[in-house]
Structure formats: C-alpha cells, structure tokens
Amino acid sequence: MSKYIIKIIAFSAFTFVLFNNINSVYADSYLPSVQEDDWGDDDWGDDVWADEAVSPWTLTGFTEAAYGQFLKNNVVKSSSSLSELRTRIELNYSHSSFELTASGDAIYDNVLEEKHWLTRELNIETSLFSNIDIKLGRQVLTWGTGDYVFLNDLFAKDWQSFFSGRHDEYLKAPSNSVRFTSYWRGVTFDIAWTPEFTPDKYLTGERFSFYSPFTKNNIAPAENFIVNQTNEAQWSARLATTIKGIEYTLYGYKGFWPTPVGINPNGIAYFPMMNAFGASVLTPMGNGIINAEFSYYNSLEDRHGDKVNIANSQIRALVGYEQEIAKSLTLSLQYYLEQTQDYDSFTQTNIFKNEQVDEYRQLVTIRLRYSTLQQKLIYSFFAFYSPTDEDSYIKPSIDYRYDDNLSFSIGANVFLGNKAHTFFGQHESNSNVWLRARFTF
C-alpha cells in the first residue's frame with residue numbers, strides 16, 4: 001500500500017505544479033509589470049529589472065566518502081565497519097498552498113558490495129484548515145526529550161548507521177506515513193499513521209555481529225537471519241502544550257516492538273504486538289535545561305510475563321540536565337531506568353538464568369561538546385555506562401568545517417564490558433574508528 005501512496009503523491013504534486021502554476025512560475029512570477037510610462041527619462045534611476053523573482057524550486061545536496069575499521073577481530077565477513085560513497089540530492093518546491101520535499105541518496109557500499117538508492121524523503125505538506133496541517137509520504141518522524149535514549153519515540157531507528165559512524169541524521173530512519181498536526185489554544189496535537197509497520201534497522205550480522213545465548217558467543221548470520229515481517233499499521237500520537245515556560249507532553253503508541261524480541265512456535269524471530277503511553281516535561285532550571293520522561297510498554301502477547309519467547313512489559317524513566325559550564329563548552333547528563341515487569345515470572349521461565357537482565361537496569365550518559373574557531377571545529381564526547389550491566393559505549397568525535405562546502409569528521413565507537421551477553425558488552429568486537437569527508441553543493 002505504501003508504494004502506491006508515494007507514487008500518488010509524486011504524480012499529484014508535480015501535475016498540480018505543472019498545470020495550475022505554469023503561468024505564474026514562468027511568466028508573472030519572473031517578470032515585473034512594465035507600463036509605457038516606465039520608459040520615461042525620469043524612471044531610468046529606478047531599475048525595474050533589479051528585483052529578480054525567487055524561484056520556488058531549490059536543489060541542494062552533498063557527496064560524502066566514509067570509511068571505518070574494526071579495532072578487533074570480528075566474525076563478520078568484512079574487516080571494515082564502514083566503506084561507502086554516497087551522493088545526496090535534495091529537491092524542494094515551495095508553493096503558497098503546499099510544500100513538496102524530495103531527497104535521496106545514491107550509495108556505493110563496499111562493505112556489502114552493492115549499489116543502491118535510498119529515498120530519504122518524498123512528501124507533500126499542506127494545511128487542511130487554518131489550524132490543521134497534514135504531511136503525507138516518506139518522512140522522518142521523531143519526538144521525545146532523550147539524547148540517544150528513546151522512550152516514547154518509537155519511530156524507526158537505524159542502529160547499523162549509529163554503530164558505524166554515519167552522520168547522526170541517519171540514526172532516524174524514514175517511514176511512509178501520514179502525519180496530522182492540529183493547533184488549538186496553545187495545545188498541539190500530532191497523530192502519525194504508518195500503514196505498514198516500519199521496524200528499526202537492527203543488527204543482522206551483515207555489518208556487525210551480536211551475541212547468541214545458544215552458541216554462547218557472537219554470530220553473524222547475515223542473510224540467514226530470518227525475521228517474520230508484518231504489514232499491519234502502527235499509530236503514534238502526541239499532545240503538547242507550554243504553561244509558564246514548562247513544556248508538557250503526553251504520548252501514545254499502538255503497534256509492535258521496534259525490534260524482533262519475539263520467537264514464534266516455528267523458532268523464527270518476529271515483532272510482537274505492543275502498546276505504549278507516556279509523558280515528558282522540559283523546563284529551564286538554573287543556567288540549564290532539565291527534562292524528565294516516562295513510558296510504559298505494554299507487551300500485549302505476554303501480559304503476565306510468563307512467555308519465555310516474548311519480551312515482558314517494561315516501565316522506562318529518564319531524567320536529564322544540560323548546561324553550558326564554560327564558554328562554548330556544554331555538559332549534558334542523563335539517568336535512565338528500565339524496569340522489567342512480572343520479574344518473578346520472567347525469572348522462572350527464563351532458560352538462560354545466568355544471562356538475564358536485572359529487574360532494574362540502569363544507565364547513565366554524559367555528553368561534552370566544545371566548539372571553537374567560530375564553530376568550525378567541534379569536539380564531542382558521548383558515553384553510556386550501565387552500572388547494572390557493567391558495560392559501556394563511548395562515542396568521541398571531531399568535526400571540522402573547512403569552508404561552506406567542505407567538512408571532515410573523525411571518531412570512534414568503542415564498546416566495553418565484563419560479560420559477553422550484556423547490551424553493550426556483546427559488541428566489544430564491533431568497536432571501530434571512522435572518518436568522513438563531505439562536499440556540499
């Protein structure tokens with residue numbers, strides 16, 4: 001169904017532009033009205049040709065080369081974690097009644113030894129009424145207050161991009177969706193409908209390995225990692241307002257777990273049904289900003305937590321604080337808590353008792369960001385640490401913008417852990433360094 005939505009959007013938008021606006025685009029919009037009197041001697045000082053009309057079309061893009069290398073031996077096929085050349089094309093059309101956006105990447109991926117096209121955006125946005133906007137088509141959706149920690153943001157994520165060192169924009173994956181946004185007396189209501197469930201781009205063994213409790217070590221099944229997909233819809237909703245400088249938000253979700261955390265009777269992984277609801281607040285405090293967020297994940301196919309092959313329900317909570325602690329130096333801290341519901345049942349049915357997650361899994365993060373040379377040079381350090389899992393994930397990077405067109409980035413993804421099965425510990429062999437060079441046009 002989604003592929004037909006995309007085709008309809010593209011055809012309808014371009015048809016509307018060509019047939020309804022051809023006169024204004026190619027005539028009235030570009031030539032000023034000139035009367036006979038305008039040719040008088042007194043009018044030569046006022047150049048009627050000076051104000052050139054601005055085209056409603058904009059075309060931009062970039063070409064980027066990226067390379068990453070594993071720091072340790074890995075069981076995946078390639079010794080490179082990243083090796084690609086991509087060119088992005090972004091085309092926008094701005095009309096008084098709508099906005100048309102299209103962008104995509106032409107990619108040569110040497111790790112997977114393939115060439116492909118990735119449509120990043122292809123959507124049309126317009127106002128149905130004075131207080132209702134609609135955005136239809138392929139788009140990137142996101143909300144929530146966490147920094148690299150997602151509670152109520154259950155839109156698709158690309159974890160392969162995140163672990164490999166691609167630009168942060170690629171962590172948020174696109175989906176074919178319809179989003180309605182309404183505004184009423186200081187309250188904003190969003191609802192997003194994705195007619196075909198779009199899961200995370202999780203690890204499959206093509207680029208990164210992961211731990212298997214059955215083999216007791218890391219595996220890289222790649223094309224042999226079979227997951228049952230679903231073409232059912234998912235819904236996300238948000239209600240937000242600001243009162244006396246404090247942002248309050250409520251969230252709701254109906255769909256599936258974004259990663260395949262279920263095993264069906266045939267032994268094949270799949271996405272169990274899951275609903276979620278939550279809330280967040282964000283407000284200035286002292287010289288910084290504090291945020292708090294809560295979410296409850298209701299695992300519909302395991303309501304009592306006694307099904308060993310399906311993830312239990314969870315309560316997730318986050319509190320964070322950000323402040324500029326010195327000139328051009330920003331510090332951000334977060335504390336995250338994840339409680340597994342029906343833990344007694346979970347323990348009794350778990351066949352891998354020595355590897356089960358704690359009932360209260362804790363995670364703390366820190367981000368340091370320092371900019372200099374008029375923000376041309378940016379040093380960034382981000383680290384996750386779990387005191388319960390006794391593992392960590394460190395992401396340092398340096399970004400240098402040589403001029404308006406040319407920029408360079410270098411960084412690393414380093415995983416550490418005392419146990420081979422923990423969330424970050426299993427990825428020690430996936431640790432890598434990377435670099436990117438981008439030319440923008």
# chains A, B, ... in the order shown; residues from 1 in each chain; ligands from 1

call {"tool": "residues_around", "arguments": {"residues": "Ser429 of chain A", "least_positions_apart": "4", "cutoff": "12 Å", "atoms": "only C-alpha atoms", "output": "list of chain:residue names"}}
result
A:Gln69, A:Phe70, A:Leu71, A:Lys72, A:Asn73, A:Asn74, A:Val75, A:Val76, A:Ser79, A:Ser81, A:Phe163, A:Arg207, A:Phe208, A:Ser209, A:Phe210, A:Tyr211, A:Asn217, A:Asn218, A:Ile219, A:Ala220, A:Asn413, A:Val414, A:Phe415, A:Leu416, A:Gly417, A:Ala420, A:Phe424, A:Gly425

call {"tool": "residues_around", "arguments": {"residues": "Ala276 of chain A", "least_positions_apart": "4", "cutoff": "12 Å", "atoms": "only C-alpha atoms", "output": "VMD selection string"}}
result
chain A and resid 151 to 154 234 to 238 250 to 258 294 to 300 313 to 316

call {"tool": "write_last_selection", "arguments": {"atoms": "N, CA and C atoms", "output": "PDB file, in the first residue's frame"}}
result
ATOM      1  N   LEU A 151      12.429   6.757  24.616  1.00  0.00           N
ATOM      2  CA  LEU A 151      11.369   6.146  25.406  1.00  0.00           C
ATOM      3  C   LEU A 151      10.058   6.160  24.630  1.00  0.00           C
ATOM      4  N   ASN A 152       9.534   7.346  24.398  1.00  0.00           N
ATOM      5  CA  ASN A 152       8.275   7.477  23.678  1.00  0.00           C
ATOM      6  C   ASN A 152       8.459   7.655  22.182  1.00  0.00           C
ATOM      7  N   ASP A 153       9.679   7.852  21.751  1.00  0.00           N
ATOM      8  CA  ASP A 153       9.981   7.920  20.324  1.00  0.00           C
ATOM      9  C   ASP A 153      10.149   6.491  19.820  1.00  0.00           C
ATOM     10  N   LEU A 154       9.065   5.935  19.287  1.00  0.00           N
ATOM     11  CA  LEU A 154       9.082   4.559  18.789  1.00  0.00           C
ATOM     12  C   LEU A 154       9.075   4.506  17.267  1.00  0.00           C
ATOM     13  N   GLN A 234       0.816   0.976  12.250  1.00  0.00           N
ATOM     14  CA  GLN A 234       1.191   1.456  13.574  1.00  0.00           C
ATOM     15  C   GLN A 234       0.729   2.906  13.710  1.00  0.00           C
ATOM     16  N   TRP A 235       0.400   3.291  14.942  1.00  0.00           N
ATOM     17  CA  TRP A 235      -0.104   4.631  15.240  1.00  0.00           C
ATOM     18  C   TRP A 235       0.733   5.252  16.343  1.00  0.00           C
ATOM     19  N   SER A 236       0.992   6.547  16.209  1.00  0.00           N
ATOM     20  CA  SER A 236       1.674   7.299  17.264  1.00  0.00           C
ATOM     21  C   SER A 236       0.944   8.619  17.450  1.00  0.00           C
ATOM     22  N   ALA A 237       0.842   9.077  18.700  1.00  0.00           N
ATOM     23  CA  ALA A 237       0.128  10.323  18.982  1.00  0.00           C
ATOM     24  C   ALA A 237       0.878  11.117  20.043  1.00  0.00           C
ATOM     25  N   ARG A 238       0.721  12.431  19.971  1.00  0.00           N
ATOM     26  CA  ARG A 238       1.375  13.322  20.935  1.00  0.00           C
ATOM     27  C   ARG A 238       0.484  14.528  21.196  1.00  0.00           C
ATOM     28  N   LEU A 250       2.159  14.518  26.367  1.00  0.00           N
ATOM     29  CA  LEU A 250       1.641  13.164  26.543  1.00  0.00           C
ATOM     30  C   LEU A 250       1.835  12.400  25.244  1.00  0.00           C
ATOM     31  N   TYR A 251       2.104  11.076  25.343  1.00  0.00           N
ATOM     32  CA  TYR A 251       2.377  10.257  24.168  1.00  0.00           C
ATOM     33  C   TYR A 251       1.532   8.983  24.197  1.00  0.00           C
ATOM     34  N   GLY A 252       1.257   8.469  23.014  1.00  0.00           N
ATOM     35  CA  GLY A 252       0.594   7.184  22.885  1.00  0.00           C
ATOM     36  C   GLY A 252       1.103   6.448  21.656  1.00  0.00           C
ATOM     37  N   TYR A 253       1.087   5.119  21.719  1.00  0.00           N
ATOM     38  CA  TYR A 253       1.600   4.306  20.603  1.00  0.00           C
ATOM     39  C   TYR A 253       0.819   3.000  20.533  1.00  0.00           C
ATOM     40  N   LYS A 254       0.474   2.594  19.335  1.00  0.00           N
ATOM     41  CA  LYS A 254      -0.179   1.299  19.093  1.00  0.00           C
ATOM     42  C   LYS A 254       0.500   0.646  17.909  1.00  0.00           C
ATOM     43  N   GLY A 255       1.118  -0.516  18.152  1.00  0.00           N
ATOM     44  CA  GLY A 255       1.835  -1.173  17.066  1.00  0.00           C
ATOM     45  C   GLY A 255       2.563  -2.409  17.531  1.00  0.00           C
ATOM     46  N   PHE A 256       3.881  -2.386  17.350  1.00  0.00           N
ATOM     47  CA  PHE A 256       4.702  -3.557  17.611  1.00  0.00           C
ATOM     48  C   PHE A 256       6.024  -3.121  18.239  1.00  0.00           C
ATOM     49  N   TRP A 257       6.695  -4.062  18.894  1.00  0.00           N
ATOM     50  CA  TRP A 257       8.053  -3.783  19.357  1.00  0.00           C
ATOM     51  C   TRP A 257       8.904  -3.439  18.137  1.00  0.00           C
ATOM     52  N   PRO A 258       9.747  -2.421  18.217  1.00  0.00           N
ATOM     53  CA  PRO A 258      10.503  -1.988  17.024  1.00  0.00           C
ATOM     54  C   PRO A 258      11.630  -2.936  16.612  1.00  0.00           C
ATOM     55  N   PHE A 294       8.782   9.586  30.880  1.00  0.00           N
ATOM     56  CA  PHE A 294       8.298   8.302  31.389  1.00  0.00           C
ATOM     57  C   PHE A 294       7.562   7.584  30.273  1.00  0.00           C
ATOM     58  N   SER A 295       7.650   6.244  30.258  1.00  0.00           N
ATOM     59  CA  SER A 295       6.884   5.470  29.291  1.00  0.00           C
ATOM     60  C   SER A 295       6.598   4.080  29.845  1.00  0.00           C
ATOM     61  N   TYR A 296       5.416   3.576  29.534  1.00  0.00           N
ATOM     62  CA  TYR A 296       5.043   2.211  29.898  1.00  0.00           C
ATOM     63  C   TYR A 296       4.834   1.413  28.621  1.00  0.00           C
ATOM     64  N   TYR A 297       5.606   0.317  28.469  1.00  0.00           N
ATOM     65  CA  TYR A 297       5.489  -0.556  27.309  1.00  0.00           C
ATOM     66  C   TYR A 297       4.624  -1.761  27.706  1.00  0.00           C
ATOM     67  N   ASN A 298       3.479  -1.885  27.093  1.00  0.00           N
ATOM     68  CA  ASN A 298       2.549  -2.970  27.394  1.00  0.00           C
ATOM     69  C   ASN A 298       2.704  -4.063  26.345  1.00  0.00           C
ATOM     70  N   SER A 299       3.354  -5.158  26.716  1.00  0.00           N
ATOM     71  CA  SER A 299       3.585  -6.275  25.800  1.00  0.00           C
ATOM     72  C   SER A 299       2.307  -7.105  25.703  1.00  0.00           C
ATOM     73  N   LEU A 300       1.523  -6.881  24.649  1.00  0.00           N
ATOM     74  CA  LEU A 300       0.172  -7.427  24.562  1.00  0.00           C
ATOM     75  C   LEU A 300       0.135  -8.948  24.463  1.00  0.00           C
ATOM     76  N   SER A 313       6.529  -6.754  29.525  1.00  0.00           N
ATOM     77  CA  SER A 313       6.224  -5.331  29.601  1.00  0.00           C
ATOM     78  C   SER A 313       7.315  -4.625  30.396  1.00  0.00           C
ATOM     79  N   GLN A 314       7.457  -3.303  30.176  1.00  0.00           N
ATOM     80  CA  GLN A 314       8.511  -2.531  30.842  1.00  0.00           C
ATOM     81  C   GLN A 314       8.003  -1.160  31.254  1.00  0.00           C
ATOM     82  N   ILE A 315       8.605  -0.644  32.304  1.00  0.00           N
ATOM     83  CA  ILE A 315       8.477   0.769  32.664  1.00  0.00           C
ATOM     84  C   ILE A 315       9.831   1.415  32.411  1.00  0.00           C
ATOM     85  N   ARG A 316       9.826   2.529  31.700  1.00  0.00           N
ATOM     86  CA  ARG A 316      11.073   3.231  31.389  1.00  0.00           C
ATOM     87  C   ARG A 316      10.966   4.679  31.868  1.00  0.00           C
TER      88      ARG A 316
END

call {"tool": "atom_distance", "arguments": {"atom1": "atom CA of Gly68 of chain A", "atom2": "atom CA of Gly165 of chain A"}}
result
7.5 Å

call {"tool": "residues_around", "arguments": {"residues": "Glu359 of chain A", "least_positions_apart": "4", "cutoff": "9 Å", "atoms": "only C-alpha atoms", "output": "PyMOL selection string"}}
result
chain A and resi 338-341+343

call {"tool": "residues_around", "arguments": {"residues": "Tyr93 of chain A", "least_positions_apart": "2", "cutoff": "6 Å", "atoms": "only C-alpha atoms", "output": "PyMOL selection string"}}
result
chain A and resi 56-57+99-100

call {"tool": "write_last_selection", "arguments": {"atoms": "C-alpha atoms", "output": "CSV table (one decimal), in the first residue's frame"}}
result
chain,number,residue,atom,x,y,z
A,56,PRO,CA,10.1,28.3,-5.8
A,57,TRP,CA,12.5,25.4,-6.5
A,99,GLU,CA,5.5,22.3,0.3
A,100,LEU,CA,6.9,19.4,-1.7
